[in-house]
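Inspection log for the structure reproduced underneath, given as structure tokens.
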Amino acid sequence: MTILVRGGTLLPMDPGPREVRGDLLISGRQIVAVGKVQAPPGADVIDASGCYVMPGLVQTHLHLVQTIFRGLAEDLSLLDWLRTRVWPLEAAHDEASIRASVRLGLLEVLVTGTTTILDMGTTHLGDAVAEEIAASGIRAHFGQAMMDTGEGVPRKLLETTRASLDASAALIKKWHRHDAGRLQYAYAPRFALSCTRELLETLTTLSRMGSHLVHTHTNENASERALVEKATGRAPAVYLVEVGVASDRAVLAHAVHLDPAEVKALRDVGASVTHCPSSNLKLGSGVADVIGLRAAGITVGIGADGAACNNRLDGFEELRLAGLLARMRHGPTAIGAWDLLRMGTFEGAKALHLDQQTGSLSVDKRADVVVLDAERLAPGGDPTVRIVYGGGSRAVRDVIVDGQLLVRAGRPLRLDPAEVRANAAETLPLLATRAGIAS
Ligand SMILES: [Zn+2]
């Protein structure tokens, strides 16, 4: 399939010119020309006049299985939120509810301009999650959460070490590099408190052998940090380095409470971090020092985390908050809008080792492209200022992933919004009843 995105203002988000007036030609899965292009015969032409054309957002930390829990886990701090709401709800998921939740999440991220995700799943039904991700057309690294220990973990979520590793192995066999690499498998040990040292060390070895990413949470809030220190005798990030989980293939969500030795340890091994500002504020966890992490040389991506602690999955909103929070600590020159948008695109792709494939509009990269209607952004300022601070997600008009048009004129082409929402509404009361939580 050939698509010509014609006559827009292109924001390539690479080290070249920041704006290019012209066209973008897509053939098959790839961008084949940027600039002035003659429409090839038979091309599907998207008129982008009055629009900004940019790489799709990359969200490097999501829990699609939690989308349906939105509003059921309010006003709690991290460990209570997990133990009294999120874990019981995850334990109660059946195939129908997990599919409904994943589809609802995918619909939200796609229509708000995200084209690549890193998702954690839960400890069961990984095939159902993978099938829905594959069918949606989005680019994803995904994994099934791993939990072989932990206080307050429901019996249904708790696995033996062997079963946890076997489940990942089976999912890798079936899904890793699916659809020419659009899907890849990332090991997902939930966090240090829910994984034995044996599990962490074994998955590290396996992830190294198979070149898989490792996706986990760490240094999210003060109580969790203290519990990890008590259990391991190490600061959490230092412990993750010691067991091997933190490496150049690691994507660590949150990194709010890090001491300078931990920042150095993560920098030395080349681990990446996901900044989740809405989630960190809503759970009252704190604010990660993104400017300090970037200055130390750590790659930082952004993520909405999950609808149960956000309650939106809007990547542009996370970038806006990231910019505002950075100013609170470092003043108004902390970080510009272009750098924020770069964090949400290219740097997220780099965290996922996908920067050769996506994250910028360059010839030979996979075509992961978003067209924004400039009329719907707050006016004034250069395009990146308007997009980051002026409501980027509400201007999303067309979304292309891997050369496939997934959203056209604001309308999702593979997911039917009415059906997805009705399905979620239908399965939610049954799920809440199984979990013993009032919906
Ligand atoms: Zn999370």
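By order in the structure tokens, chains are A, B, ...; within a chain, residues start at 1; ligands start at 1, following the order shown.
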
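Taking only C-alpha atoms and all ligand atoms into account, every polymer residue with at least one atom at most 10 Å away from ligand 1 is listed here: His61, Leu62, His63, Gln66, Asp119, Met120, Gly121, Arg190, Phe191, His215, Thr216, His217, Thr218, Glu220, Leu252, Ala253, His254, Thr274, Cys276, Ser279, Asn280, Gly303, Ala304, Asp305, Gly306, Ala308 and Cys309 of chain A.
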
Inset, instruction - Excluding region 141-154 of chain A and residues on its chain fewer than 4 positions from it, collect all residues at most 7 Å away from it, counting only C-alpha atoms, and give them as a ChimeraX atom specification. - result: /A:83,87-88,91,117-123,126,158-161,164,168,183-190,193-196

Legend entry - 12 Å contact set for region 223-235 of chain A, only C-alpha atoms, chain neighbours under 5 positions out, as a VMD selection string: chain A and resid 77 to 80 82 150 to 151 191 to 197 217 to 218 240 to 243 254 to 263 265 to 266 284 to 286

Inset, instruction - May I have all residues of region 328-358 of chain A that DSSP, computed from the backbone, assigns to alpha helix (DSSP H), given as a PyMOL selection string? - result: chain A and resi 328-330+337-342+348-351

Between region 26-121 of chain A and region 397-408 of chain A, at 8 Å or less, what are the per-residue closest atom pairs and their distances in Å? Count only C-alpha atoms, order by chain and rising residue number, and return it as a tab-separated table.
residue	atom	partner	partner_atom	distance
A:Ile26	CA	A:Gly403	CA	6.4
A:Ser27	CA	A:Gly403	CA	7.0
A:Gly28	CA	A:Gly403	CA	5.7
A:Arg29	CA	A:Gly403	CA	4.2
A:Gln30	CA	A:Gly403	CA	6.1
A:Ile31	CA	A:Gly403	CA	7.9
A:Gly56	CA	A:Val399	CA	7.6
A:Leu110	CA	A:Val399	CA	7.2
A:Val111	CA	A:Val407	CA	6.8
A:Gly113	CA	A:Val399	CA	6.6
A:Thr115	CA	A:Val401	CA	6.0

Inset, instruction - as a PyMOL selection string, list the residues of region 96-324 of chain A assigned to strand (DSSP E) by DSSP on the backbone atoms of this structure. - result: chain A and resi 114-119+139-142+145-146+183-189+213-218+250-254+272-275+300-302

Grab the residues selected above and save them as a compact mmCIF listing (two decimals), in the first residue's frame with C-alpha atoms.
# COMPACT_ATOMS: atom_id res chain seq x y z
CA THR A 114 0.49 6.97 20.40
CA THR A 115 1.88 4.50 17.87
CA THR A 116 4.30 2.42 20.00
CA ILE A 117 3.83 1.04 23.51
CA LEU A 118 5.61 -1.01 26.15
CA ASP A 119 2.96 -2.96 28.08
CA ARG A 139 3.66 -1.30 17.51
CA ALA A 140 4.42 -2.91 20.86
CA HIS A 141 6.89 -4.46 23.17
CA PHE A 142 4.76 -6.44 25.59
CA ALA A 145 3.87 -9.66 34.46
CA MET A 146 6.00 -11.94 36.64
CA LEU A 183 5.42 -7.03 18.22
CA GLN A 184 8.34 -7.93 20.44
CA TYR A 185 8.48 -9.64 23.80
CA ALA A 186 9.86 -7.84 26.87
CA TYR A 187 10.26 -9.69 30.19
CA ALA A 188 8.07 -8.02 32.82
CA PRO A 189 9.11 -8.73 36.42
CA LEU A 213 14.06 -5.93 26.95
CA VAL A 214 13.28 -6.13 30.67
CA HIS A 215 10.43 -3.92 31.87
CA THR A 216 9.89 -3.30 35.57
CA HIS A 217 8.89 -0.72 38.21
CA THR A 218 11.35 0.74 40.68
CA ALA A 250 16.10 -2.36 30.96
CA VAL A 251 13.20 0.08 30.96
CA LEU A 252 12.51 1.15 34.55
CA ALA A 253 9.19 2.81 35.27
CA HIS A 254 9.08 5.79 37.68
CA SER A 272 16.48 3.66 30.54
CA VAL A 273 13.75 5.23 32.63
CA THR A 274 10.05 5.92 31.99
CA HIS A 275 8.68 9.14 33.45
CA VAL A 300 14.03 8.95 29.54
CA GLY A 301 10.75 8.06 27.84
CA ILE A 302 7.20 8.87 28.97

Legend entry - Non-local contacts of Leu24 (chain A) (8 Å; only C-alpha atoms; under 6 positions in same chain excluded) as a PyMOL selection string: chain A and resi 4-6+31-35+37
